[in-house]
Amino acid sequence: MKLSITIGLLLIGHLTFGQDRIQKIDSLLNSLYSKEKINGNFLIAEKGKVIYSHSFGLANETKKDKLNENSIFELASCSKQFTAMGIMILKEKGKLNLDDDIKKYLPELSFYKGVTIRNLLNHTGGLPDYMKLMDSLFDKSKIATNKDIINIFSNHQPKIVFEPNTKWEYSNTGYALLASIIEKASGLTYADYLNKAIFQPLKMKNTFVYTRRLSPKKIDNYAFGYVYSDSLKKYVLPDELKETKMVIWLDGIVGDGTVNSTVKDLLIWDRALYANKLLTKEGMEAIFEVAILKDGAKRNYGFGWGIEYNADFGKIANHSGGWPGYVTFIERHITNDKTIIILQNHNNVSIPSKSIRSILYNKPLPVQKIRKEISITTEELQKFVGTYEVKKDFEIKISLDKDQLFSQLTGQNAFPIFVESEMLFFYKVVDAQIQFEKNEKGEISNLFLLQNGNKIEAKRTK
């Protein structure tokens with residue numbers, strides 16, 4: 001039995017394969033927009049040629065400014081690919097080695113033994129999540145920077161989650177620390193270094209690191225990110241809601257997010273990665289090699305990119321990003337040179353990348369059952385948070401980020417899950433559900449992953 005979740009396909013009923021691909025994509029996206037399932041910019045290219053580009057929705061809800069192809073979005077975790085590239089450029093310039101221990105650059109963290117730069121790049125370092133620590137330990141009347149992360153870790157010395165290179169677990173902490181290592185090795189700020197080493201050489205004129213609460217400035221054509229308020233029944237800036245206030249006090253953290261860009265600049269970036277403009281051929285190949293654990297097991301992540309090998313589509317590198325108000329995605333079909341770029345500035349939207357992928361390759365779109373989402377309190381959601389073991393070295397991790405629950409299978413990205421009933425959750429990106437169960441004490445003790453008629457049990461370990 002294959003233990004994996006694959007991002008699902010959304011079927012729009014009126015699509016027919018009598019249409020050409022561009023019409024199908026446009027019909028798909030317009031239908032999703034009419035259902036308020038997307039809001040943002042979409043760009044699709046083949047061999048670098050744009051075959052589809054369209055903007056859906058507003059850049060500014062107050063002024064009613066419409067999005068356009070030059071609108072600038074926060075990339076959230078899609079920023080990680082730039083952090084990884086920054087590290088690789090420094091490596092090729094002899095400023096650091098991937099197998100250097102992080103204590104060489106961050107001596108305050110020398111109590112962590114054997115964690116290397118490579119571990120941070122491919123999420124095998126085992127460091128605890130800085131957001132959870134900051135939530136309980138940081139003075140939220142201030143705006144945190146990377147130095148604050150390092151200080152809190154140094155002062156409290158939280159235990160490592162697992163020994164380096166024995167497991168894979170997506171880590172924002174790792175990429176925040178990589179930004180600090182970039183600063184130490186280069187002598188520049190993270191923002192200035194990326195600008196000098198990547199954005200300027202590639203002429204990505206609308207791409208930059210931006211912490212708009214810590215260092216506000218006027219940016220023309222900026223796509224403000226909005227979250228939907230159930231109580232107010234409208235879209236508002238996340239700064240206005242208690243549950244998303246972290247956008248203010250975590251605004252100064254760079255490395256795991258805060259790169260801002262446009263769909264057009266990201267296509268420039270995509271082309272540069274084929275042309276080896278920033279690294280040698282060997283360096284570029286290293287970025288897209290999967291992580292290999294100590295026991296030889298492979299994990300589908302390189303340096304700042306998820307890696308997929310697909311029988312129909314070839315080798316694919318992609319990454320998604322999410323932060324209050326923003327949902328982003330970039331996918332590069334390396335074997336067949338196709339590119340899908342999605343930048344959205346609403347929080348409750350879908351990423352129809354697999355539907356687009358299928359249309360590009362003239363594959364049929366399967367039906368996905370429509371499920372109704374209900375709301376429960378953050379306190380109730382917290383009860384489900386934990387690690388659930390399917391078998392040795394294969395876990396389903398349930399985490400809570402703000403008021404959104406996420407499910408993450410070993411070796412895969414985290415995906416949001418939504419409440420269908422008290423103990424039943426569902427994915428919007430795939431036709432699958434998670435059914436939780438309680439023990440005789442009324443505690444959440446295990447879960448079942450329900451997909452394609454299969455029922456996979458996982459027992460809670462912590």
# chains A, B, ... in the order shown; residues from 1 in each chain; ligands from 1
call {"tool": "residues_around", "arguments": {"residues": "segment 38-50 of chain A", "least_positions_apart": "5", "cutoff": "10 Å", "atoms": "only C-alpha atoms", "output": "CSV table (one decimal) with N, CA, C and O atoms, in the first residue's frame"}}
result
chain,number,residue,atom,x,y,z
A,22,ILE,N,-5.3,26.0,-23.4
A,22,ILE,CA,-5.4,27.3,-22.8
A,22,ILE,C,-6.8,27.6,-22.4
A,22,ILE,O,-7.1,28.2,-21.4
A,25,ILE,N,-7.7,25.7,-19.2
A,25,ILE,CA,-7.1,26.3,-18.0
A,25,ILE,C,-7.9,27.6,-17.7
A,25,ILE,O,-8.2,27.8,-16.5
A,29,LEU,N,-9.9,28.2,-14.2
A,29,LEU,CA,-9.6,29.2,-13.2
A,29,LEU,C,-10.7,30.2,-13.1
A,29,LEU,O,-11.0,30.7,-12.0
A,30,ASN,N,-11.4,30.5,-14.1
A,30,ASN,CA,-12.6,31.5,-14.0
A,30,ASN,C,-13.7,30.8,-13.2
A,30,ASN,O,-14.3,31.5,-12.4
A,31,SER,N,-13.9,29.5,-13.4
A,31,SER,CA,-14.9,28.8,-12.6
A,31,SER,C,-14.5,28.9,-11.1
A,31,SER,O,-15.3,29.1,-10.2
A,32,LEU,N,-13.2,28.6,-10.8
A,32,LEU,CA,-12.8,28.7,-9.4
A,32,LEU,C,-12.9,30.1,-8.8
A,32,LEU,O,-13.3,30.3,-7.7
A,33,TYR,N,-12.6,31.1,-9.7
A,33,TYR,CA,-12.7,32.5,-9.2
A,33,TYR,C,-14.2,32.8,-8.9
A,33,TYR,O,-14.5,33.5,-7.9
A,55,SER,N,-4.8,37.7,-14.1
A,55,SER,CA,-4.9,38.1,-12.8
A,55,SER,C,-6.4,38.0,-12.4
A,55,SER,O,-7.3,38.4,-13.2
A,56,PHE,N,-6.7,37.5,-11.2
A,56,PHE,CA,-8.0,37.4,-10.7
A,56,PHE,C,-8.1,38.1,-9.3
A,56,PHE,O,-7.4,37.8,-8.4
A,57,GLY,N,-9.0,39.2,-9.3
A,57,GLY,CA,-9.2,39.8,-8.0
A,57,GLY,C,-8.5,41.1,-7.7
A,57,GLY,O,-7.9,41.7,-8.7
A,58,LEU,N,-8.5,41.5,-6.5
A,58,LEU,CA,-8.0,42.8,-6.1
A,58,LEU,C,-6.7,42.8,-5.4
A,58,LEU,O,-6.4,41.8,-4.6
A,59,ALA,N,-5.9,43.8,-5.6
A,59,ALA,CA,-4.6,43.9,-4.9
A,59,ALA,C,-4.8,44.7,-3.5
A,59,ALA,O,-4.1,44.5,-2.6
A,66,LYS,N,-7.1,46.7,-8.8
A,66,LYS,CA,-7.1,45.3,-9.3
A,66,LYS,C,-5.7,44.8,-9.4
A,66,LYS,O,-4.7,45.6,-9.6
A,67,LEU,N,-5.5,43.5,-9.3
A,67,LEU,CA,-4.2,42.8,-9.5
A,67,LEU,C,-3.9,42.9,-11.0
A,67,LEU,O,-4.8,42.9,-11.9
A,68,ASN,N,-2.6,43.0,-11.3
A,68,ASN,CA,-2.1,42.9,-12.6
A,68,ASN,C,-0.8,42.1,-12.6
A,68,ASN,O,-0.3,41.7,-11.6
A,69,GLU,N,-0.3,41.8,-13.8
A,69,GLU,CA,0.9,40.9,-13.9
A,69,GLU,C,2.1,41.4,-13.2
A,69,GLU,O,3.1,40.7,-12.9
A,70,ASN,N,2.1,42.7,-12.8
A,70,ASN,CA,3.3,43.3,-12.1
A,70,ASN,C,3.0,43.5,-10.6
A,70,ASN,O,3.9,44.0,-9.9
A,71,SER,N,1.9,43.0,-10.2
A,71,SER,CA,1.6,43.1,-8.7
A,71,SER,C,2.6,42.2,-7.9
A,71,SER,O,3.0,41.1,-8.3
A,72,ILE,N,3.0,42.8,-6.8
A,72,ILE,CA,4.1,42.2,-6.0
A,72,ILE,C,3.5,41.5,-4.7
A,72,ILE,O,2.7,42.1,-4.0
A,73,PHE,N,3.8,40.3,-4.6
A,73,PHE,CA,3.3,39.4,-3.5
A,73,PHE,C,4.4,39.0,-2.5
A,73,PHE,O,5.5,38.7,-2.9
A,223,ALA,N,0.4,43.8,-3.7
A,223,ALA,CA,-0.7,43.0,-3.4
A,223,ALA,C,-0.8,42.7,-1.9
A,223,ALA,O,-0.1,41.9,-1.4
A,262,THR,N,7.0,39.0,-8.2
A,262,THR,CA,5.9,39.0,-9.2
A,262,THR,C,6.0,37.7,-10.0
A,262,THR,O,7.0,37.0,-10.0
A,263,VAL,N,4.9,37.4,-10.7
A,263,VAL,CA,4.9,36.2,-11.5
A,263,VAL,C,6.0,36.3,-12.7
A,263,VAL,O,6.6,35.4,-13.0
A,264,LYS,N,6.1,37.5,-13.2
A,264,LYS,CA,7.1,37.8,-14.3
A,264,LYS,C,8.5,37.6,-13.8
A,264,LYS,O,9.3,37.0,-14.5
A,266,LEU,N,9.5,35.8,-11.3
A,266,LEU,CA,9.7,34.4,-11.0
A,266,LEU,C,9.9,33.5,-12.2
A,266,LEU,O,10.6,32.5,-12.2
A,267,LEU,N,9.4,34.0,-13.4
A,267,LEU,CA,9.7,33.3,-14.6
A,267,LEU,C,11.2,33.6,-15.0
A,267,LEU,O,11.9,32.7,-15.5
A,268,ILE,N,11.6,34.8,-14.8
A,268,ILE,CA,13.1,35.1,-15.0
A,268,ILE,C,13.9,34.1,-14.1
A,268,ILE,O,14.9,33.6,-14.6
A,270,ASP,N,13.1,31.2,-12.9
A,270,ASP,CA,12.9,29.8,-13.5
A,270,ASP,C,13.9,29.6,-14.6
A,270,ASP,O,14.6,28.6,-14.7
A,271,ARG,N,14.0,30.6,-15.6
A,271,ARG,CA,14.9,30.5,-16.7
A,271,ARG,C,16.3,30.4,-16.3
A,271,ARG,O,17.2,29.7,-16.9
A,274,TYR,N,17.8,27.1,-15.3
A,274,TYR,CA,18.1,26.2,-16.4
A,274,TYR,C,19.5,26.6,-17.1
A,274,TYR,O,20.2,25.7,-17.6
A,326,TYR,N,-1.5,35.1,2.3
A,326,TYR,CA,-0.8,34.7,1.1
A,326,TYR,C,-0.8,33.2,1.0
A,326,TYR,O,-0.5,32.5,1.9
A,327,VAL,N,-1.0,32.8,-0.3
A,327,VAL,CA,-0.9,31.4,-0.6
A,327,VAL,C,-0.1,31.4,-2.0
A,327,VAL,O,-0.6,31.9,-3.0
A,328,THR,N,1.1,30.8,-2.0
A,328,THR,CA,1.9,30.8,-3.2
A,328,THR,C,2.4,29.5,-3.6
A,328,THR,O,2.4,28.5,-2.8
A,329,PHE,N,2.8,29.4,-4.9
A,329,PHE,CA,3.2,28.1,-5.4
A,329,PHE,C,4.0,28.3,-6.7
A,329,PHE,O,3.7,29.1,-7.5
A,330,ILE,N,5.1,27.6,-6.8
A,330,ILE,CA,5.9,27.5,-8.1
A,330,ILE,C,6.3,26.1,-8.3
A,330,ILE,O,6.7,25.4,-7.4
A,331,GLU,N,6.1,25.7,-9.6
A,331,GLU,CA,6.4,24.3,-10.0
A,331,GLU,C,7.1,24.4,-11.3
A,331,GLU,O,6.7,25.0,-12.3
A,332,ARG,N,8.3,23.6,-11.3
A,332,ARG,CA,9.1,23.6,-12.5
A,332,ARG,C,9.2,22.1,-12.9
A,332,ARG,O,9.7,21.3,-12.2
A,333,HIS,N,8.7,21.9,-14.1
A,333,HIS,CA,8.8,20.5,-14.7
A,333,HIS,C,10.2,20.4,-15.4
A,333,HIS,O,10.3,20.8,-16.6
A,334,ILE,N,11.2,19.9,-14.7
A,334,ILE,CA,12.5,20.0,-15.2
A,334,ILE,C,12.7,19.1,-16.5
A,334,ILE,O,13.4,19.5,-17.4
A,336,ASN,N,10.5,18.3,-18.8
A,336,ASN,CA,9.7,18.8,-19.9
A,336,ASN,C,9.7,20.3,-20.1
A,336,ASN,O,9.0,20.8,-21.0
A,337,ASP,N,10.3,21.0,-19.2
A,337,ASP,CA,10.4,22.5,-19.2
A,337,ASP,C,9.1,23.1,-19.3
A,337,ASP,O,8.8,23.9,-20.2
A,338,LYS,N,8.3,22.9,-18.3
A,338,LYS,CA,7.0,23.6,-18.1
A,338,LYS,C,7.1,24.3,-16.7
A,338,LYS,O,7.7,23.8,-15.8
A,339,THR,N,6.4,25.4,-16.6
A,339,THR,CA,6.4,26.2,-15.4
A,339,THR,C,5.0,26.6,-15.0
A,339,THR,O,4.3,27.1,-15.8
A,340,ILE,N,4.7,26.5,-13.7
A,340,ILE,CA,3.4,26.9,-13.2
A,340,ILE,C,3.7,27.8,-12.0
A,340,ILE,O,4.4,27.4,-11.0
A,341,ILE,N,3.3,29.1,-12.0
A,341,ILE,CA,3.5,30.0,-11.0
A,341,ILE,C,2.2,30.6,-10.5
A,341,ILE,O,1.4,31.1,-11.3
A,342,ILE,N,1.9,30.5,-9.2
A,342,ILE,CA,0.6,30.9,-8.6
A,342,ILE,C,0.9,31.8,-7.4
A,342,ILE,O,1.5,31.3,-6.4
A,343,LEU,N,0.5,33.0,-7.4
A,343,LEU,CA,0.7,33.9,-6.3
A,343,LEU,C,-0.7,34.5,-5.9
A,343,LEU,O,-1.4,35.1,-6.7
A,344,GLN,N,-1.1,34.2,-4.7
A,344,GLN,CA,-2.5,34.6,-4.3
A,344,GLN,C,-2.4,35.4,-3.0
A,344,GLN,O,-1.6,35.1,-2.1
A,345,ASN,N,-3.4,36.3,-2.8
A,345,ASN,CA,-3.4,37.2,-1.7
A,345,ASN,C,-4.7,37.1,-0.9
A,345,ASN,O,-5.1,38.1,-0.2
A,346,HIS,N,-5.3,35.9,-0.9
A,346,HIS,CA,-6.4,35.6,0.1
A,346,HIS,C,-6.0,34.3,0.8
A,346,HIS,O,-5.2,33.5,0.2
A,347,ASN,N,-6.5,34.1,2.0
A,347,ASN,CA,-6.0,32.9,2.7
A,347,ASN,C,-6.8,31.7,2.4
A,347,ASN,O,-6.3,30.6,2.5
A,348,ASN,N,-8.1,31.8,2.1
A,348,ASN,CA,-8.9,30.6,2.0
A,348,ASN,C,-9.1,30.2,0.5
A,348,ASN,O,-10.2,30.1,0.0
A,349,VAL,N,-8.0,30.0,-0.2
A,349,VAL,CA,-8.0,29.7,-1.6
A,349,VAL,C,-7.4,28.3,-1.8
A,349,VAL,O,-6.7,27.7,-1.0
A,350,SER,N,-7.6,27.7,-3.0
A,350,SER,CA,-7.0,26.5,-3.4
A,350,SER,C,-5.8,26.7,-4.3
A,350,SER,O,-5.6,27.8,-4.8
A,351,ILE,N,-5.0,25.7,-4.4
A,351,ILE,CA,-3.9,25.7,-5.4
A,351,ILE,C,-4.2,24.6,-6.4
A,351,ILE,O,-3.9,23.5,-6.2
A,352,PRO,N,-4.8,25.0,-7.5
A,352,PRO,CA,-5.2,24.0,-8.5
A,352,PRO,C,-4.1,23.6,-9.5
A,352,PRO,O,-4.2,23.4,-10.7
A,356,ILE,N,-4.1,22.0,-13.4
A,356,ILE,CA,-3.3,22.7,-14.4
A,356,ILE,C,-2.3,21.7,-15.1
A,356,ILE,O,-2.2,21.6,-16.3
A,357,ARG,N,-1.6,21.0,-14.2
A,357,ARG,CA,-0.7,20.0,-14.7
A,357,ARG,C,-1.3,19.0,-15.6
A,357,ARG,O,-0.8,18.7,-16.7
A,360,LEU,N,-2.2,20.5,-19.0
A,360,LEU,CA,-1.0,20.7,-19.8
A,360,LEU,C,-0.5,19.4,-20.5
A,360,LEU,O,0.0,19.5,-21.6
call {"tool": "select_by_dssp", "arguments": {"residues": "segment 134-364 of chain A", "states": "strand (DSSP E)", "output": "CSV table (one decimal) with N, CA, C and O atoms, in the first residue's frame"}}
result
chain,number,residue,atom,x,y,z
A,208,PHE,N,12.5,41.5,-3.9
A,208,PHE,CA,13.3,42.0,-2.8
A,208,PHE,C,12.8,41.4,-1.5
A,208,PHE,O,11.7,40.9,-1.4
A,209,VAL,N,13.6,41.5,-0.4
A,209,VAL,CA,13.2,41.2,0.9
A,209,VAL,C,12.5,42.3,1.5
A,209,VAL,O,13.0,43.5,1.5
A,227,VAL,N,-7.1,38.1,5.0
A,227,VAL,CA,-7.7,36.9,5.6
A,227,VAL,C,-9.2,37.2,5.8
A,227,VAL,O,-9.6,38.3,6.0
A,228,TYR,N,-10.0,36.1,5.7
A,228,TYR,CA,-11.4,36.3,5.8
A,228,TYR,C,-11.8,36.2,7.3
A,228,TYR,O,-11.5,35.3,8.0
A,229,SER,N,-12.6,37.2,7.8
A,229,SER,CA,-13.0,37.2,9.1
A,229,SER,C,-14.5,36.7,9.2
A,229,SER,O,-15.4,37.3,8.6
A,234,LYS,N,-16.1,39.6,6.2
A,234,LYS,CA,-15.4,40.3,5.1
A,234,LYS,C,-13.9,40.0,5.2
A,234,LYS,O,-13.4,39.5,6.2
A,235,TYR,N,-13.1,40.3,4.1
A,235,TYR,CA,-11.7,40.2,4.1
A,235,TYR,C,-11.1,41.4,4.8
A,235,TYR,O,-11.4,42.6,4.5
A,236,VAL,N,-10.1,41.1,5.7
A,236,VAL,CA,-9.4,42.2,6.4
A,236,VAL,C,-7.9,41.8,6.4
A,236,VAL,O,-7.5,40.7,6.1
A,259,VAL,N,10.7,37.1,1.2
A,259,VAL,CA,11.0,37.6,-0.2
A,259,VAL,C,9.7,37.9,-0.9
A,259,VAL,O,8.7,37.2,-0.7
A,260,ASN,N,9.7,39.0,-1.6
A,260,ASN,CA,8.5,39.5,-2.3
A,260,ASN,C,8.8,39.5,-3.8
A,260,ASN,O,9.9,39.9,-4.2
A,261,SER,N,7.8,39.2,-4.7
A,261,SER,CA,8.1,39.1,-6.1
A,261,SER,C,6.9,39.1,-6.9
A,261,SER,O,5.8,39.3,-6.4
A,291,ALA,N,17.2,14.5,-0.4
A,291,ALA,CA,17.9,14.3,0.8
A,291,ALA,C,18.1,12.8,1.1
A,291,ALA,O,17.2,12.0,0.8
A,292,ILE,N,19.2,12.4,1.6
A,292,ILE,CA,19.5,11.0,1.9
A,292,ILE,C,19.8,10.9,3.4
A,292,ILE,O,20.8,11.6,3.9
A,298,LYS,N,15.6,7.9,1.4
A,298,LYS,CA,15.6,9.1,0.6
A,298,LYS,C,14.3,9.9,1.0
A,298,LYS,O,13.3,9.3,1.3
A,299,ARG,N,14.4,11.2,1.0
A,299,ARG,CA,13.3,12.1,1.3
A,299,ARG,C,13.2,13.1,0.1
A,299,ARG,O,14.2,13.6,-0.4
A,306,GLY,N,10.9,21.0,-3.1
A,306,GLY,CA,10.4,19.6,-3.0
A,306,GLY,C,10.7,19.0,-4.4
A,306,GLY,O,10.6,19.6,-5.4
A,307,ILE,N,11.0,17.7,-4.3
A,307,ILE,CA,11.4,17.0,-5.6
A,307,ILE,C,10.5,15.8,-5.8
A,307,ILE,O,10.2,15.1,-4.9
A,308,GLU,N,10.0,15.7,-7.0
A,308,GLU,CA,9.1,14.6,-7.3
A,308,GLU,C,9.5,14.0,-8.6
A,308,GLU,O,9.9,14.7,-9.6
A,309,TYR,N,9.4,12.7,-8.7
A,309,TYR,CA,9.7,11.9,-9.9
A,309,TYR,C,8.4,11.3,-10.3
A,309,TYR,O,7.8,10.4,-9.6
A,310,ASN,N,7.8,11.7,-11.5
A,310,ASN,CA,6.5,11.3,-11.9
A,310,ASN,C,6.6,10.5,-13.2
A,310,ASN,O,7.2,11.0,-14.1
A,314,GLY,N,7.7,13.3,-15.5
A,314,GLY,CA,9.1,13.5,-15.4
A,314,GLY,C,9.5,14.0,-14.0
A,314,GLY,O,8.8,14.0,-13.0
A,315,LYS,N,10.7,14.6,-13.9
A,315,LYS,CA,11.2,15.2,-12.7
A,315,LYS,C,10.6,16.6,-12.5
A,315,LYS,O,10.7,17.4,-13.4
A,316,ILE,N,10.1,16.8,-11.3
A,316,ILE,CA,9.5,18.1,-11.0
A,316,ILE,C,10.0,18.6,-9.7
A,316,ILE,O,10.3,17.9,-8.7
A,317,ALA,N,10.3,19.9,-9.7
A,317,ALA,CA,10.7,20.6,-8.5
A,317,ALA,C,9.6,21.7,-8.2
A,317,ALA,O,9.2,22.4,-9.1
A,318,ASN,N,9.1,21.7,-6.9
A,318,ASN,CA,8.1,22.7,-6.6
A,318,ASN,C,8.2,23.1,-5.1
A,318,ASN,O,8.9,22.5,-4.4
A,319,HIS,N,7.4,24.1,-4.8
A,319,HIS,CA,7.3,24.6,-3.4
A,319,HIS,C,6.1,25.4,-3.3
A,319,HIS,O,5.7,26.1,-4.2
A,320,SER,N,5.5,25.3,-2.1
A,320,SER,CA,4.3,26.1,-1.8
A,320,SER,C,4.7,27.0,-0.6
A,320,SER,O,5.7,26.8,0.0
A,321,GLY,N,3.9,28.0,-0.5
A,321,GLY,CA,4.1,29.0,0.7
A,321,GLY,C,2.7,29.4,1.2
A,321,GLY,O,1.8,29.5,0.5
A,322,GLY,N,2.7,29.6,2.5
A,322,GLY,CA,1.5,30.1,3.2
A,322,GLY,C,1.8,31.0,4.4
A,322,GLY,O,2.7,30.6,5.2
A,323,TRP,N,1.2,32.1,4.5
A,323,TRP,CA,1.3,33.0,5.6
A,323,TRP,C,0.0,33.8,5.6
A,323,TRP,O,-0.6,34.0,4.5
A,326,TYR,N,-1.5,35.1,2.3
A,326,TYR,CA,-0.8,34.7,1.1
A,326,TYR,C,-0.8,33.2,1.0
A,326,TYR,O,-0.5,32.5,1.9
A,327,VAL,N,-1.0,32.8,-0.3
A,327,VAL,CA,-0.9,31.4,-0.6
A,327,VAL,C,-0.1,31.4,-2.0
A,327,VAL,O,-0.6,31.9,-3.0
A,328,THR,N,1.1,30.8,-2.0
A,328,THR,CA,1.9,30.8,-3.2
A,328,THR,C,2.4,29.5,-3.6
A,328,THR,O,2.4,28.5,-2.8
A,329,PHE,N,2.8,29.4,-4.9
A,329,PHE,CA,3.2,28.1,-5.4
A,329,PHE,C,4.0,28.3,-6.7
A,329,PHE,O,3.7,29.1,-7.5
A,330,ILE,N,5.1,27.6,-6.8
A,330,ILE,CA,5.9,27.5,-8.1
A,330,ILE,C,6.3,26.1,-8.3
A,330,ILE,O,6.7,25.4,-7.4
A,331,GLU,N,6.1,25.7,-9.6
A,331,GLU,CA,6.4,24.3,-10.0
A,331,GLU,C,7.1,24.4,-11.3
A,331,GLU,O,6.7,25.0,-12.3
A,332,ARG,N,8.3,23.6,-11.3
A,332,ARG,CA,9.1,23.6,-12.5
A,332,ARG,C,9.2,22.1,-12.9
A,332,ARG,O,9.7,21.3,-12.2
A,333,HIS,N,8.7,21.9,-14.1
A,333,HIS,CA,8.8,20.5,-14.7
A,333,HIS,C,10.2,20.4,-15.4
A,333,HIS,O,10.3,20.8,-16.6
A,338,LYS,N,8.3,22.9,-18.3
A,338,LYS,CA,7.0,23.6,-18.1
A,338,LYS,C,7.1,24.3,-16.7
A,338,LYS,O,7.7,23.8,-15.8
A,339,THR,N,6.4,25.4,-16.6
A,339,THR,CA,6.4,26.2,-15.4
A,339,THR,C,5.0,26.6,-15.0
A,339,THR,O,4.3,27.1,-15.8
A,340,ILE,N,4.7,26.5,-13.7
A,340,ILE,CA,3.4,26.9,-13.2
A,340,ILE,C,3.7,27.8,-12.0
A,340,ILE,O,4.4,27.4,-11.0
A,341,ILE,N,3.3,29.1,-12.0
A,341,ILE,CA,3.5,30.0,-11.0
A,341,ILE,C,2.2,30.6,-10.5
A,341,ILE,O,1.4,31.1,-11.3
A,342,ILE,N,1.9,30.5,-9.2
A,342,ILE,CA,0.6,30.9,-8.6
A,342,ILE,C,0.9,31.8,-7.4
A,342,ILE,O,1.5,31.3,-6.4
A,343,LEU,N,0.5,33.0,-7.4
A,343,LEU,CA,0.7,33.9,-6.3
A,343,LEU,C,-0.7,34.5,-5.9
A,343,LEU,O,-1.4,35.1,-6.7
A,344,GLN,N,-1.1,34.2,-4.7
A,344,GLN,CA,-2.5,34.6,-4.3
A,344,GLN,C,-2.4,35.4,-3.0
A,344,GLN,O,-1.6,35.1,-2.1
call {"tool": "select_by_dssp", "arguments": {"residues": "segment 303-384 of chain A", "states": "helix (DSSP H, G or I)", "output": "NGL selection string"}}
result
:A and (353-360 or 378-382)
call {"tool": "residues_around", "arguments": {"residues": "Leu214 of chain A", "least_positions_apart": "6", "cutoff": "10 Å", "atoms": "only C-alpha atoms", "output": "short mmCIF file (atom, residue, chain, number, x, y, z; two decimals) with all heavy atoms, in the first residue's frame"}}
result
data_model
loop_
_atom_site.label_atom_id
_atom_site.label_comp_id
_atom_site.auth_asym_id
_atom_site.auth_seq_id
_atom_site.Cartn_x
_atom_site.Cartn_y
_atom_site.Cartn_z
N LYS A 142 7.05 43.83 20.82
CA LYS A 142 8.17 44.15 19.93
C LYS A 142 8.04 43.35 18.64
O LYS A 142 7.20 42.47 18.53
CB LYS A 142 9.50 43.82 20.62
CG LYS A 142 9.70 44.54 21.94
CD LYS A 142 10.99 44.08 22.61
CE LYS A 142 11.19 44.77 23.96
NZ LYS A 142 12.41 44.28 24.65
N ILE A 143 8.90 43.65 17.68
CA ILE A 143 8.96 42.88 16.44
C ILE A 143 10.25 42.07 16.43
O ILE A 143 11.35 42.62 16.56
CB ILE A 143 8.89 43.79 15.20
CG1 ILE A 143 7.52 44.50 15.15
CG2 ILE A 143 9.12 42.99 13.92
CD1 ILE A 143 7.35 45.45 13.98
N ALA A 144 10.11 40.77 16.32
CA ALA A 144 11.25 39.87 16.42
C ALA A 144 12.10 39.90 15.15
O ALA A 144 11.59 40.09 14.04
CB ALA A 144 10.76 38.45 16.68
N THR A 145 13.39 39.68 15.34
CA THR A 145 14.32 39.48 14.23
C THR A 145 15.01 38.14 14.43
O THR A 145 14.81 37.47 15.44
CB THR A 145 15.37 40.60 14.18
OG1 THR A 145 16.20 40.49 15.35
CG2 THR A 145 14.73 41.98 14.13
N ILE A 248 2.62 40.65 12.73
CA ILE A 248 3.28 41.86 13.23
C ILE A 248 4.54 41.49 14.00
O ILE A 248 5.65 41.91 13.65
CB ILE A 248 2.33 42.68 14.12
CG1 ILE A 248 1.08 43.11 13.34
CG2 ILE A 248 3.05 43.90 14.69
CD1 ILE A 248 0.02 43.80 14.17
N TRP A 249 4.39 40.67 15.06
CA TRP A 249 5.55 40.46 15.94
C TRP A 249 6.57 39.47 15.39
O TRP A 249 7.70 39.41 15.90
CB TRP A 249 5.11 40.10 17.36
CG TRP A 249 4.27 38.87 17.52
CD1 TRP A 249 2.91 38.79 17.52
CD2 TRP A 249 4.73 37.54 17.76
NE1 TRP A 249 2.49 37.49 17.73
CE2 TRP A 249 3.59 36.71 17.88
CE3 TRP A 249 5.99 36.97 17.89
CZ2 TRP A 249 3.68 35.34 18.11
CZ3 TRP A 249 6.09 35.61 18.11
CH2 TRP A 249 4.94 34.81 18.22
N LEU A 250 6.23 38.74 14.32
CA LEU A 250 7.23 37.88 13.66
C LEU A 250 7.72 38.49 12.35
O LEU A 250 8.40 37.83 11.57
CB LEU A 250 6.65 36.49 13.39
CG LEU A 250 6.49 35.56 14.59
CD1 LEU A 250 5.85 34.24 14.15
CD2 LEU A 250 7.83 35.30 15.29
N ASP A 251 7.39 39.75 12.11
CA ASP A 251 7.64 40.36 10.81
C ASP A 251 9.12 40.50 10.47
O ASP A 251 9.48 40.54 9.30
CB ASP A 251 6.97 41.74 10.74
CG ASP A 251 7.04 42.35 9.36
OD1 ASP A 251 6.39 41.81 8.44
OD2 ASP A 251 7.75 43.36 9.18
N GLY A 252 9.97 40.58 11.47
CA GLY A 252 11.39 40.79 11.20
C GLY A 252 12.19 39.53 10.93
O GLY A 252 13.40 39.60 10.68
N ILE A 253 11.54 38.38 10.95
CA ILE A 253 12.24 37.11 10.70
C ILE A 253 12.39 36.90 9.21
O ILE A 253 11.42 36.96 8.45
CB ILE A 253 11.45 35.91 11.29
CG1 ILE A 253 11.13 36.15 12.77
CG2 ILE A 253 12.24 34.62 11.10
CD1 ILE A 253 12.33 36.29 13.67
#
call {"tool": "residues_around", "arguments": {"residues": "Ile198 of chain A", "least_positions_apart": "3", "cutoff": "9 Å", "atoms": "only C-alpha atoms", "output": "list in words"}}
result
Phe82, Met85, Gly86, Tyr193, Leu194, Asn195, Pro201, Leu202, Lys203, Met204, Trp269 and Leu278 of chain A
call {"tool": "closest_residue", "arguments": {"among": "A:Lys80, A:Lys441, A:Lys294, A:Lys93", "to": "Leu279 of chain A", "atoms": "only C-alpha atoms"}}
result
A:Lys93
call {"tool": "closest_residue", "arguments": {"among": "A:Leu90, A:Leu121, A:Leu178, A:Leu400", "to": "Ala197 of chain A", "atoms": "only C-alpha atoms"}}
result
A:Leu90
call {"tool": "residues_around", "arguments": {"residues": "Tyr210 of chain A", "least_positions_apart": "5", "cutoff": "9 Å", "atoms": "only C-alpha atoms", "output": "list in words"}}
result
Glu74, Ala191, Ser215, Pro216, Lys217, Gly252, Val254, Thr258, Val259 and Asn260 of chain A
